[in-house]
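start_4.csv (CSV, C-alpha atoms) appears below.
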chain,number,residue,atom,x,y,z
F,1,MET,CA,-0.7,29.6,-30.8
F,2,ALA,CA,1.2,26.4,-30.8
F,3,LYS,CA,3.7,26.0,-28.0
F,4,SER,CA,7.0,24.3,-28.4
F,5,ILE,CA,7.5,20.9,-26.7
F,6,THR,CA,9.8,22.5,-24.1
F,7,GLN,CA,7.1,25.0,-23.2
F,8,GLU,CA,4.6,22.2,-22.8
F,9,PHE,CA,7.0,20.5,-20.4
F,10,VAL,CA,7.9,23.6,-18.4
F,11,LYS,CA,4.4,24.9,-17.9
F,12,GLY,CA,3.6,21.9,-15.6
F,13,LEU,CA,6.5,22.8,-13.3
F,14,TRP,CA,5.3,26.3,-12.4
F,15,GLU,CA,2.7,28.0,-14.5
F,16,GLU,CA,0.2,25.2,-14.3
F,17,VAL,CA,1.6,23.1,-11.4
F,18,PRO,CA,-1.5,21.1,-10.4
F,19,PRO,CA,-2.1,21.4,-6.7
F,20,PHE,CA,-1.1,25.0,-6.4
F,21,ARG,CA,-2.0,26.7,-9.6
F,22,LEU,CA,-4.9,24.6,-10.9
F,23,VAL,CA,-5.9,23.4,-7.4
F,24,LEU,CA,-6.7,20.0,-8.8
F,25,GLY,CA,-6.2,16.5,-7.5
F,26,LEU,CA,-6.3,17.5,-3.9
F,27,CYS,CA,-7.4,14.1,-2.5
F,28,PRO,CA,-3.9,12.5,-2.6
F,29,VAL,CA,-2.3,15.9,-1.9
F,30,LEU,CA,-4.0,16.1,1.4
F,31,GLY,CA,-4.1,12.4,2.2
F,32,VAL,CA,-0.6,11.0,1.8
F,33,THR,CA,1.7,13.9,2.5
F,34,THR,CA,2.4,13.1,6.1
F,35,LYS,CA,6.0,12.2,5.2
F,36,MET,CA,8.1,13.5,2.3
F,37,GLN,CA,8.8,10.1,0.9
F,38,PHE,CA,5.1,9.3,0.6
F,39,GLY,CA,4.6,12.5,-1.4
F,40,ILE,CA,7.5,11.5,-3.7
F,41,GLY,CA,6.2,7.9,-4.1
F,42,MET,CA,2.6,9.0,-4.8
F,43,GLY,CA,3.9,11.7,-7.3
F,44,LEU,CA,6.0,9.2,-9.2
F,45,ALA,CA,3.1,6.7,-9.4
F,46,THR,CA,0.8,9.4,-10.7
F,47,THR,CA,3.5,10.6,-13.2
F,48,PHE,CA,3.8,7.1,-14.6
F,49,VAL,CA,0.0,6.9,-15.1
F,50,LEU,CA,-0.2,10.4,-16.6
F,51,VAL,CA,2.5,9.9,-19.1
F,52,PHE,CA,1.3,6.5,-20.4
F,53,ALA,CA,-2.4,7.5,-20.3
F,54,ASN,CA,-1.4,10.7,-22.3
F,55,ILE,CA,0.5,8.6,-24.8
F,56,LEU,CA,-2.3,6.1,-25.4
F,57,VAL,CA,-5.0,8.8,-25.6
F,58,SER,CA,-3.0,10.8,-28.0
F,59,LEU,CA,-2.3,7.8,-30.2
F,60,LEU,CA,-5.9,6.7,-30.2
F,61,ARG,CA,-7.5,10.2,-30.5
F,62,LYS,CA,-8.5,9.6,-34.1
F,63,VAL,CA,-10.0,6.2,-33.3
F,64,ILE,CA,-12.0,7.0,-30.1
F,65,PRO,CA,-15.5,8.2,-30.9
F,66,ALA,CA,-16.1,11.6,-29.2
F,67,LYS,CA,-19.3,10.3,-27.5
F,68,VAL,CA,-17.6,7.6,-25.5
F,69,ARG,CA,-14.3,9.3,-25.0
F,70,ILE,CA,-14.6,9.5,-21.2
F,71,ALA,CA,-15.3,5.8,-20.9
F,72,CYS,CA,-12.3,5.1,-23.1
F,73,PHE,CA,-10.1,7.4,-21.0
F,74,ILE,CA,-11.2,5.7,-17.8
F,75,ILE,CA,-10.4,2.2,-19.2
F,76,ILE,CA,-6.9,3.4,-20.3
F,77,ILE,CA,-6.2,5.1,-17.0
F,78,ALA,CA,-7.6,2.3,-14.8
F,79,THR,CA,-5.4,-0.2,-16.7
F,80,PHE,CA,-2.2,1.8,-16.0
F,81,VAL,CA,-3.2,2.4,-12.4
F,82,THR,CA,-3.7,-1.4,-11.8
F,83,LEU,CA,-0.4,-1.9,-13.5
F,84,VAL,CA,1.3,0.5,-11.1
F,85,GLU,CA,-0.5,-1.2,-8.2
F,86,LEU,CA,0.8,-4.6,-9.2
F,87,LEU,CA,4.3,-3.5,-9.9
F,88,MET,CA,4.5,-1.6,-6.7
F,89,GLN,CA,3.3,-4.6,-4.7
F,90,ALA,CA,6.0,-6.7,-6.4
F,91,TYR,CA,8.9,-4.3,-6.2
F,92,ALA,CA,8.2,-1.7,-3.6
F,93,TYR,CA,5.9,-3.4,-1.1
F,94,ARG,CA,6.6,-1.1,1.8
F,95,LEU,CA,5.6,1.9,-0.2
F,96,PHE,CA,2.5,0.0,-1.2
F,97,LEU,CA,1.6,-0.6,2.4
F,98,ASP,CA,2.1,3.1,3.3
F,99,LEU,CA,0.2,4.5,0.4
F,100,GLY,CA,-2.4,1.7,0.5
F,101,LEU,CA,-5.8,2.9,-0.7
F,102,PHE,CA,-4.5,6.0,-2.5
F,103,ILE,CA,-2.9,4.0,-5.3
F,104,PRO,CA,-6.2,2.7,-6.8
F,105,LEU,CA,-7.6,6.2,-6.2
F,106,ILE,CA,-5.3,7.6,-8.9
F,107,VAL,CA,-8.0,6.4,-11.3
F,108,VAL,CA,-10.3,9.2,-10.2
F,109,ASN,CA,-7.6,11.7,-9.8
F,110,CYS,CA,-8.9,14.6,-11.8
F,111,ILE,CA,-5.4,15.6,-13.0
F,112,VAL,CA,-5.0,12.4,-15.0
F,113,LEU,CA,-8.5,12.6,-16.5
F,114,GLY,CA,-8.1,16.3,-17.0
F,115,ARG,CA,-4.9,16.1,-19.0
F,116,ALA,CA,-6.4,13.3,-21.1
F,117,GLU,CA,-9.5,15.3,-21.9
F,118,ALA,CA,-8.0,18.8,-22.1
F,119,PHE,CA,-4.7,18.1,-23.7
F,120,ALA,CA,-3.8,14.6,-25.0
F,121,PHE,CA,-7.1,14.2,-26.9
F,122,LYS,CA,-6.4,17.3,-28.9
F,123,ASN,CA,-2.6,17.1,-29.4
F,124,GLY,CA,0.0,14.9,-31.0
F,125,LEU,CA,2.2,12.3,-29.4
F,126,LEU,CA,5.3,14.3,-28.5
F,127,PRO,CA,3.5,17.3,-26.9
F,128,SER,CA,1.3,14.9,-25.0
F,129,ILE,CA,4.4,13.1,-23.5
F,130,ALA,CA,6.0,16.5,-22.6
F,131,ASP,CA,2.7,17.6,-21.0
F,132,GLY,CA,2.3,14.4,-19.0
F,133,LEU,CA,5.9,14.5,-17.8
F,134,GLY,CA,5.8,18.2,-16.9
F,135,ILE,CA,2.5,18.0,-15.0
F,136,GLY,CA,3.6,14.8,-13.4
F,137,ILE,CA,7.0,16.1,-12.2
F,138,GLY,CA,5.3,19.3,-11.0
F,139,PHE,CA,2.8,17.2,-9.1
F,140,THR,CA,5.6,15.1,-7.6
F,141,LEU,CA,7.6,18.2,-6.5
F,142,SER,CA,4.5,19.8,-5.0
F,143,LEU,CA,3.7,16.7,-3.0
F,144,ALA,CA,7.3,16.4,-1.9
F,145,ALA,CA,7.4,20.0,-0.8
F,146,LEU,CA,4.1,19.8,1.1
F,147,GLY,CA,5.1,16.4,2.6
F,148,GLY,CA,8.5,17.8,3.6
F,149,LEU,CA,7.0,20.9,5.2
F,150,ARG,CA,4.4,18.9,7.2
F,151,GLU,CA,7.0,16.4,8.3
F,152,ILE,CA,9.5,19.0,9.4
F,153,LEU,CA,6.9,20.9,11.4
F,154,GLY,CA,5.0,17.9,12.6
F,155,ALA,CA,7.6,15.3,13.4
F,156,GLY,CA,10.9,17.2,13.2
F,157,THR,CA,12.3,14.8,10.6
F,158,LEU,CA,12.6,14.5,6.9
F,159,THR,CA,12.4,10.9,5.5
F,160,VAL,CA,13.5,10.1,2.0
F,161,TRP,CA,14.8,6.7,0.9
F,162,GLY,CA,18.0,6.6,2.8
F,163,ALA,CA,20.3,3.7,2.9
F,164,PRO,CA,18.9,0.6,4.4
F,165,LEU,CA,15.8,0.7,2.3
F,166,PHE,CA,13.1,3.0,3.4
F,167,GLU,CA,14.0,3.5,7.1
F,168,GLY,CA,15.9,6.1,9.0
F,169,PRO,CA,15.1,9.8,8.8
F,170,LEU,CA,17.5,11.6,6.5
F,171,PHE,CA,18.0,14.3,9.0
F,172,ASN,CA,16.5,15.2,12.3
F,173,ILE,CA,15.8,18.8,13.2
F,174,ALA,CA,16.5,18.0,16.9
F,175,ASN,CA,20.1,17.7,16.0
F,176,TYR,CA,20.3,21.4,15.1
F,177,PHE,CA,17.7,22.8,17.6
F,178,PRO,CA,17.9,20.6,20.7
F,179,GLY,CA,14.8,22.2,22.2
F,180,PHE,CA,12.5,21.5,19.2
F,181,GLN,CA,9.1,20.2,20.0
F,182,PRO,CA,7.2,18.5,17.2
F,183,PHE,CA,4.0,20.3,16.2
F,184,GLU,CA,1.9,17.2,15.8
F,185,PHE,CA,-1.1,19.0,14.5
F,186,MET,CA,0.6,19.3,11.1
F,187,VAL,CA,0.8,15.6,10.4
F,188,GLN,CA,-2.9,15.1,11.2
F,189,ALA,CA,-5.6,15.7,8.7
F,190,PRO,CA,-6.4,19.4,9.5
F,191,GLY,CA,-2.7,20.3,9.3
F,192,ALA,CA,-2.8,19.3,5.7
F,193,PHE,CA,-5.3,22.0,4.9
F,194,VAL,CA,-3.4,24.6,6.9
F,195,CYS,CA,-0.1,23.7,5.2
F,196,LEU,CA,-1.7,23.7,1.8
F,197,GLY,CA,-3.1,27.1,2.5
F,198,ILE,CA,0.2,28.5,3.6
F,199,MET,CA,1.9,27.1,0.5
F,200,LEU,CA,-0.8,28.5,-1.8
F,201,CYS,CA,-0.5,31.9,-0.2
F,202,PHE,CA,3.3,31.7,-0.7
F,203,MET,CA,2.9,30.7,-4.4
F,204,ASN,CA,0.5,33.5,-5.1
F,205,MET,CA,2.8,36.1,-3.4
F,206,VAL,CA,5.7,35.0,-5.5
F,207,GLY,CA,3.6,34.6,-8.7
F,208,ASN,CA,1.9,38.0,-8.6
F,209,LYS,CA,5.0,40.0,-8.5
D,1,MET,CA,-25.8,3.5,-37.0
D,2,GLY,CA,-22.2,3.4,-38.2
D,3,GLU,CA,-21.1,5.5,-35.2
D,4,MET,CA,-23.0,3.2,-32.8
D,5,ILE,CA,-21.1,0.2,-34.1
D,6,LYS,CA,-17.8,2.0,-33.9
D,7,MET,CA,-18.4,3.0,-30.3
D,8,VAL,CA,-19.2,-0.6,-29.3
D,9,VAL,CA,-16.2,-2.0,-31.3
D,10,VAL,CA,-13.7,0.5,-29.9
D,11,LEU,CA,-14.9,0.0,-26.3
D,12,THR,CA,-14.8,-3.8,-26.6
D,13,ILE,CA,-11.4,-3.8,-28.1
D,14,LEU,CA,-10.0,-1.4,-25.5
D,15,SER,CA,-11.5,-3.4,-22.6
D,16,SER,CA,-10.3,-6.8,-23.9
D,17,LEU,CA,-6.8,-5.5,-24.5
D,18,SER,CA,-6.8,-4.0,-21.0
D,19,GLY,CA,-8.0,-7.2,-19.5
D,20,GLY,CA,-5.4,-9.2,-21.4
D,21,VAL,CA,-2.4,-7.0,-20.4
D,22,LEU,CA,-3.5,-6.9,-16.7
D,23,ALA,CA,-4.0,-10.7,-16.5
D,24,TYR,CA,-0.5,-11.2,-18.0
D,25,VAL,CA,1.1,-8.8,-15.6
D,26,LYS,CA,-0.8,-10.2,-12.6
D,27,GLU,CA,0.4,-13.7,-13.4
D,28,GLY,CA,3.9,-12.4,-14.0
D,29,THR,CA,4.2,-10.6,-10.6
D,30,ARG,CA,2.3,-13.1,-8.5
D,31,GLU,CA,5.3,-15.0,-7.2
D,32,GLN,CA,7.2,-11.8,-6.5
D,33,ILE,CA,4.3,-10.3,-4.6
D,34,GLU,CA,3.9,-13.5,-2.5
D,35,MET,CA,7.6,-13.3,-1.6
D,36,GLN,CA,7.2,-9.6,-0.6
D,37,VAL,CA,4.2,-10.4,1.6
D,38,LEU,CA,6.2,-13.3,3.2
D,39,GLN,CA,9.2,-11.2,3.9
D,40,LEU,CA,7.6,-7.9,5.0
D,41,VAL,CA,4.3,-8.9,6.5
D,42,LYS,CA,4.4,-12.4,7.9
D,43,GLY,CA,8.2,-12.6,8.2
D,44,PRO,CA,8.7,-10.1,11.0
D,45,ALA,CA,5.8,-11.5,13.1
D,46,ILE,CA,7.1,-15.1,12.7
D,47,LYS,CA,10.6,-14.1,13.6
D,48,ALA,CA,9.4,-12.2,16.6
D,49,ILE,CA,7.5,-15.3,17.9
D,50,PHE,CA,10.4,-17.7,17.3
D,51,LYS,CA,13.3,-15.5,18.6
D,52,ASP,CA,15.1,-18.6,19.9
D,53,ALA,CA,14.5,-20.9,16.9
D,54,SER,CA,17.5,-22.9,15.8
D,55,ASN,CA,16.4,-22.9,12.1
D,56,ASP,CA,14.9,-20.2,9.8
D,57,PRO,CA,11.1,-20.5,10.2
D,58,VAL,CA,10.4,-18.3,7.2
D,59,ALA,CA,12.5,-20.6,4.9
D,60,ASP,CA,11.2,-23.9,6.3
D,61,ARG,CA,7.6,-24.0,5.3
D,62,PHE,CA,5.0,-26.1,3.6
D,63,SER,CA,1.4,-25.6,2.7
D,64,ILE,CA,-1.8,-27.6,3.3
D,65,GLU,CA,-5.0,-27.2,1.3
D,66,GLU,CA,-8.2,-27.7,3.2
D,67,ASP,CA,-11.7,-26.9,2.0
D,68,GLY,CA,-10.3,-24.8,-0.8
D,69,GLN,CA,-8.3,-22.7,1.6
D,70,LYS,CA,-4.5,-22.8,1.4
D,71,TYR,CA,-2.5,-22.5,4.7
D,72,ASP,CA,1.2,-21.7,4.7
D,73,MET,CA,2.7,-23.5,7.7
D,74,PHE,CA,6.0,-22.3,9.1
D,75,VAL,CA,8.1,-24.8,10.9
D,76,ALA,CA,10.4,-23.8,13.8
D,77,LYS,CA,12.6,-25.8,16.2
D,78,VAL,CA,13.0,-24.2,19.7
D,79,ASP,CA,15.0,-26.1,22.3
D,80,GLY,CA,14.5,-29.3,20.3
D,81,LYS,CA,10.7,-28.9,20.3
D,82,GLU,CA,8.8,-28.6,17.1
D,83,MET,CA,6.5,-25.7,16.4
D,84,VAL,CA,4.2,-24.8,13.6
D,85,ALA,CA,2.8,-21.4,12.9
D,86,PHE,CA,0.2,-20.1,10.4
D,87,GLU,CA,-1.9,-17.0,9.8
D,88,THR,CA,-5.7,-16.6,10.5
D,89,PHE,CA,-7.9,-13.5,10.4
D,90,GLY,CA,-10.4,-11.9,12.7
D,91,LYS,CA,-12.9,-9.1,12.0
D,92,GLY,CA,-11.6,-5.9,13.8
D,93,TYR,CA,-12.9,-2.4,14.2
D,94,GLY,CA,-11.1,-1.2,11.0
D,95,GLY,CA,-11.1,-4.4,8.8
D,96,ASP,CA,-9.4,-7.7,9.0
D,97,ILE,CA,-6.7,-8.3,11.6
D,98,GLY,CA,-4.1,-10.9,10.6
D,99,LEU,CA,-2.7,-13.0,13.3
D,100,VAL,CA,0.1,-15.6,13.2
D,101,VAL,CA,-0.5,-18.3,15.8
D,102,ALA,CA,2.3,-20.7,16.7
D,103,PHE,CA,1.5,-24.1,18.2
D,104,ASP,CA,3.8,-26.5,20.1
D,105,VAL,CA,3.2,-29.8,18.3
D,106,ALA,CA,4.1,-31.9,21.4
D,107,ASP,CA,1.5,-30.5,23.8
D,108,ASP,CA,-1.0,-28.7,21.5
D,109,LYS,CA,-0.6,-25.4,23.3
D,110,ILE,CA,-0.1,-22.0,21.8
D,111,TYR,CA,3.6,-21.0,21.9
D,112,GLY,CA,3.1,-17.4,20.8
D,113,VAL,CA,1.1,-15.1,18.6
D,114,GLY,CA,1.9,-12.1,16.6
D,115,VAL,CA,-0.2,-9.6,14.7
D,116,THR,CA,0.7,-9.2,11.0
D,117,THR,CA,-1.8,-6.7,9.6
D,118,LEU,CA,-4.3,-4.4,11.3
D,119,SER,CA,-5.9,-1.0,10.7
D,120,GLU,CA,-7.2,-0.3,14.1
D,121,THR,CA,-7.5,3.0,15.9
D,122,ALA,CA,-4.0,4.4,16.7
D,123,GLY,CA,-3.2,4.3,20.4
D,124,LEU,CA,-6.2,2.0,21.3
D,125,GLY,CA,-6.7,-1.1,19.0
D,126,SER,CA,-3.2,-0.7,17.4
D,127,LYS,CA,-1.8,-1.8,20.8
D,128,ALA,CA,-2.7,-5.4,19.8
D,129,LYS,CA,0.4,-5.2,17.6
D,130,GLU,CA,2.5,-2.8,19.7
D,131,ASP,CA,2.0,-4.0,23.2
D,132,PRO,CA,3.9,-7.3,23.8
D,133,LYS,CA,2.0,-7.9,27.0
D,134,PHE,CA,-1.3,-8.5,25.2
D,135,ALA,CA,0.2,-11.1,22.8
D,136,ALA,CA,2.1,-12.7,25.6
D,137,GLN,CA,-1.2,-13.7,27.3
D,138,PHE,CA,-1.8,-16.2,24.6
D,139,ALA,CA,1.3,-18.3,25.3
D,140,GLY,CA,0.4,-21.6,27.0
D,141,VAL,CA,-3.3,-21.5,26.1
D,142,ASP,CA,-4.6,-24.9,24.9
D,143,ALA,CA,-5.6,-25.2,21.2
D,144,LYS,CA,-9.0,-26.6,22.3
D,145,GLY,CA,-9.8,-23.3,23.8
D,146,PRO,CA,-11.6,-21.4,25.1
D,147,ILE,CA,-9.8,-18.4,23.8
D,148,GLU,CA,-12.1,-15.6,24.7
D,149,VAL,CA,-11.9,-12.1,26.1
D,150,GLY,CA,-12.1,-12.5,29.9
D,151,ASN,CA,-11.2,-16.2,29.8
D,152,PRO,CA,-8.2,-16.4,29.8
D,153,ILE,CA,-7.4,-13.2,27.8
D,154,ASN,CA,-7.6,-9.8,29.3
D,155,ALA,CA,-8.9,-7.2,26.8
D,156,LEU,CA,-6.9,-4.2,25.8
D,157,SER,CA,-8.5,-1.2,27.6
D,158,GLY,CA,-10.6,0.8,25.2
D,159,ALA,CA,-10.3,-1.8,22.4
D,160,THR,CA,-12.8,-4.5,23.1
D,161,ILE,CA,-13.7,-5.2,19.5
D,162,THR,CA,-10.0,-5.5,18.6
D,163,SER,CA,-9.4,-7.8,21.5
D,164,ARG,CA,-12.3,-10.0,20.5
D,165,ALA,CA,-11.1,-10.1,16.9
D,166,VAL,CA,-7.7,-11.3,17.9
D,167,CYS,CA,-9.3,-13.9,20.2
D,168,SER,CA,-11.5,-15.1,17.4
D,169,ALA,CA,-8.6,-15.4,15.0
D,170,ALA,CA,-6.7,-17.4,17.7
D,171,THR,CA,-9.8,-19.6,18.2
D,172,ASP,CA,-10.0,-20.3,14.5
D,173,ALA,CA,-6.3,-21.1,14.4
D,174,GLY,CA,-6.9,-23.6,17.3
D,175,ASP,CA,-9.7,-25.3,15.4
D,176,ILE,CA,-7.7,-25.4,12.1
D,177,TYR,CA,-4.7,-26.7,14.0
D,178,GLN,CA,-6.7,-29.6,15.6
D,179,LYS,CA,-8.3,-30.5,12.3
D,180,LEU,CA,-5.1,-30.5,10.3
D,181,LYS,CA,-2.9,-32.0,13.0
D,182,PRO,CA,-2.5,-35.4,11.3
D,183,GLN,CA,-1.4,-33.7,8.1
D,184,ILE,CA,0.9,-31.4,9.9
D,185,GLN,CA,2.6,-34.3,11.6
D,186,GLU,CA,3.0,-36.0,8.3
D,187,GLN,CA,4.6,-33.0,6.7
D,188,LEU,CA,6.8,-32.3,9.7
D,189,LYS,CA,8.6,-35.6,9.1
D,190,ALA,CA,10.3,-34.0,6.1
D,191,PHE,CA,11.9,-31.4,8.4
D,192,LYS,CA,13.4,-33.8,10.8

Can I see the file as structure tokens?
Amino acid sequence: MAKSITQEFVKGLWEEVPPFRLVLGLCPVLGVTTKMQFGIGMGLATTFVLVFANILVSLLRKVIPAKVRIACFIIIIATFVTLVELLMQAYAYRLFLDLGLFIPLIVVNCIVLGRAEAFAFKNGLLPSIADGLGIGIGFTLSLAALGGLREILGAGTLTVWGAPLFEGPLFNIANYFPGFQPFEFMVQAPGAFVCLGIMLCFMNMVGNK
Amino acid sequence: MGEMIKMVVVLTILSSLSGGVLAYVKEGTREQIEMQVLQLVKGPAIKAIFKDASNDPVADRFSIEEDGQKYDMFVAKVDGKEMVAFETFGKGYGGDIGLVVAFDVADDKIYGVGVTTLSETAGLGSKAKEDPKFAAQFAGVDAKGPIEVGNPINALSGATITSRAVCSAATDAGDIYQKLKPQIQEQLKAFK
């Protein structure tokens, strides 16, 4: 059954939202979400790669021989990841310093390769763009939500790009609850697993109704 | 056989296109990236060393090439004295540590140092950047050295490797400074 373009887009936002429904691409999900803004930045970078990799794979799907398709996907994906890395260095250097190693690691993010293999290689241009955008935005929102939750619990703040560039927490929980003590465990590595578990549990509770 | 050739052709074309696009973008963004590094990595360290400079040390700079290595030299004037600062690297516990070392050209002594990049253990080695007392020890040390842990630099507690890395970067800076001094003085005339 062929789905409409809108359905392809919307499925990435809830039904197949990568970290929670497919439980895919967990390396950046766990690694960079110590602050909300890192989650958003990482998500946007991945979305860019996803959309353009999907476009190229979809356009070239008749030309690429099936036997070497994975190698071709990797070349296409790696090219866009390097592009993102260079552009980020040039125009968002602070974000690049914060995300660091995780930008080149998008190459091996299984969401990107997964969408190229499972979707773009078998579908036309427009559905592939919709699929890439949907999955990418779903991924960005998931990372932002996880980053936000960890940051609020772990540091009591929520940082998004406020005025003067990237600095200054958008709001501080201590302004509302003066006795708040940051639960620092949450911004450390084990806290990522715990938070992800809590969010998965919540998603399943809502989804199973 | 035909399929084999097709695979080779497709992969070759894809790879060369990819290489071409990336080379083009890398060349196009090179200047912008250098600017960003200057402003956001070296800039803050240099400004912290030259708090009392009467000029803008990040804007007043020149570069010297020596043995295939390019050094960006930042010029500052503090109380009428001329200073020159540049970056060197030392091998730390978690990778390279970048250190900007500023020399007073009149007496060849270190005026100040500042860490630019490091990825050392938080709370231990990271103090090399955060604790101003550690960097302050370098002020007044002669460029000829010795600049070693214990003589005259006291190590950060729990971070011997980091302390040694910073000292070795400072020692390198001292050597480079002495070697390049004639060229530095030549270039400094332009900033009089």

| said: From (-15.0, -2.9, 22.5), in the file's coordinates, out to 12 Å: which residues are reached, counting only C-alpha atoms? Answer as a PyMOL selection string. | reply: chain D and resi 92-93+120-121+124-125+149+155-165

The selected residues should be written to file as a compact mmCIF listing (two decimals), in the coordinates of the input (atoms: C-alpha atoms).
# COMPACT_ATOMS: atom_id res chain seq x y z
CA GLY D 92 -11.60 -5.90 13.80
CA TYR D 93 -12.90 -2.40 14.20
CA GLU D 120 -7.20 -0.30 14.10
CA THR D 121 -7.50 3.00 15.90
CA LEU D 124 -6.20 2.00 21.30
CA GLY D 125 -6.70 -1.10 19.00
CA VAL D 149 -11.90 -12.10 26.10
CA ALA D 155 -8.90 -7.20 26.80
CA LEU D 156 -6.90 -4.20 25.80
CA SER D 157 -8.50 -1.20 27.60
CA GLY D 158 -10.60 0.80 25.20
CA ALA D 159 -10.30 -1.80 22.40
CA THR D 160 -12.80 -4.50 23.10
CA ILE D 161 -13.70 -5.20 19.50
CA THR D 162 -10.00 -5.50 18.60
CA SER D 163 -9.40 -7.80 21.50
CA ARG D 164 -12.30 -10.00 20.50
CA ALA D 165 -11.10 -10.10 16.90

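Considering the residues F:Phe52, F:Phe9, F:Tyr93, F:Phe193 and counting all atoms listed in the file, chain D has its shortest atom-to-atom contact with F:Tyr93.
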
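Counting from CA of Thr116 in chain D, the distance to CA of Ala128 in chain D is 10.2 Å.
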
| said: Residues of chain D within 7 Å of chain F, counting all atoms listed in the file - could you list those as a PyMOL selection string? | reply: chain D and resi 7+10-11+15+18+22+26+29+32-33+36

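Nearest-residue note for Gly25 in chain F: choosing from F:Ile111, F:Val49, F:Val57, F:Val84, the minimum distance belongs to F:Ile111, counting only C-alpha atoms.
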
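Nearest residue to Lys70 in chain D, choosing from D:Ser54, D:Gln178, D:Asn151, D:Thr88 and counting only C-alpha atoms: D:Thr88.
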
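CA of Gly124 in chain F lies 26.2 Å from CA of Gly19 in chain D.
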
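Residues lying within 9 Å of Lys122 in chain F, counting only C-alpha atoms and ignoring same-chain neighbours fewer than 4 positions away, are Ser58, Arg61, Ala116, Glu117, Ala118 and Ser128 of chain F.
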
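Using only C-alpha atoms, the nearest neighbour of Arg21 in chain F within the list F:Val108, F:Met205, F:Leu56, F:Leu200 is F:Leu200.
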
Report as CSV: every residue of range 28-67 of chain D with an atom at most 12 Å from range 78-83 of chain D, its closest pair of atoms, and their distance in Å to one decimal, counting only C-alpha atoms, with rows sorted by chain and ascending residue number.
residue,atom,partner,partner_atom,distance
D:Ile46,CA,D:Met83,CA,11.2
D:Ile49,CA,D:Met83,CA,10.6
D:Phe50,CA,D:Val78,CA,7.4
D:Lys51,CA,D:Val78,CA,8.8
D:Asp52,CA,D:Val78,CA,6.0
D:Ala53,CA,D:Val78,CA,4.6
D:Ser54,CA,D:Val78,CA,6.1
D:Asn55,CA,D:Val78,CA,8.4
D:Asp56,CA,D:Val78,CA,10.8
D:Pro57,CA,D:Met83,CA,9.3
D:Asp60,CA,D:Met83,CA,11.3
D:Arg61,CA,D:Met83,CA,11.3

| request: Record the distance separating CA of Pro127 in chain F and CA of Asn109 in chain F, expressed in Å with one decimal. | output: 21.1 Å

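Omitting Ala173 in chain D and its sequence neighbours fewer than 4 positions away, and counting all atoms listed in the file, the residues within 8 Å are Phe86, Glu87, Thr88, Val101, Ala143, Ala169 and Tyr177 of chain D.
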
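In this comparison, which uses only C-alpha atoms, the residue of D:Ala45, D:Val166, D:Ala136, D:Val58 approaching Asp96 in chain D most closely is D:Val166.
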
| task | Please provide as a PyMOL selection string all residues within 6 Å of Ile110 in chain D, with the sequence filter that same-chain residues fewer than 5 positions apart are discarded (counting all atoms listed in the file). | result | chain D and resi 102-103+139-141

May I have the selected residues written with C-alpha atoms, as a compact mmCIF listing (two decimals), in the coordinates of the input?
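Saved as selection_31.txt:
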# COMPACT_ATOMS: atom_id res chain seq x y z
CA ALA D 102 2.30 -20.70 16.70
CA PHE D 103 1.50 -24.10 18.20
CA ALA D 139 1.30 -18.30 25.30
CA GLY D 140 0.40 -21.60 27.00
CA VAL D 141 -3.30 -21.50 26.10

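Proximity of F:Val23, F:Gly197, F:Leu13, F:Leu59 to Asn123 in chain F, computed with only C-alpha atoms, is greatest for F:Leu59.
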
Once you count all atoms listed in the file, which residues end up no further than 9 Å from (-1.5, 8.8, -5.2) in the file's frame, shown as a PDB file with C-alpha atoms, in the coordinates of the input?
ATOM      1  CA  CYS F  27      -7.400  14.100  -2.500  1.00  0.00           C
ATOM      2  CA  PRO F  28      -3.900  12.500  -2.600  1.00  0.00           C
ATOM      3  CA  VAL F  29      -2.300  15.900  -1.900  1.00  0.00           C
ATOM      4  CA  GLY F  31      -4.100  12.400   2.200  1.00  0.00           C
ATOM      5  CA  VAL F  32      -0.600  11.000   1.800  1.00  0.00           C
ATOM      6  CA  PHE F  38       5.100   9.300   0.600  1.00  0.00           C
ATOM      7  CA  GLY F  39       4.600  12.500  -1.400  1.00  0.00           C
ATOM      8  CA  GLY F  41       6.200   7.900  -4.100  1.00  0.00           C
ATOM      9  CA  MET F  42       2.600   9.000  -4.800  1.00  0.00           C
ATOM     10  CA  GLY F  43       3.900  11.700  -7.300  1.00  0.00           C
ATOM     11  CA  LEU F  44       6.000   9.200  -9.200  1.00  0.00           C
ATOM     12  CA  ALA F  45       3.100   6.700  -9.400  1.00  0.00           C
ATOM     13  CA  THR F  46       0.800   9.400 -10.700  1.00  0.00           C
ATOM     14  CA  LEU F  99       0.200   4.500   0.400  1.00  0.00           C
ATOM     15  CA  LEU F 101      -5.800   2.900  -0.700  1.00  0.00           C
ATOM     16  CA  PHE F 102      -4.500   6.000  -2.500  1.00  0.00           C
ATOM     17  CA  ILE F 103      -2.900   4.000  -5.300  1.00  0.00           C
ATOM     18  CA  PRO F 104      -6.200   2.700  -6.800  1.00  0.00           C
ATOM     19  CA  LEU F 105      -7.600   6.200  -6.200  1.00  0.00           C
ATOM     20  CA  ILE F 106      -5.300   7.600  -8.900  1.00  0.00           C
ATOM     21  CA  ASN F 109      -7.600  11.700  -9.800  1.00  0.00           C
TER      22      ASN F 109
END
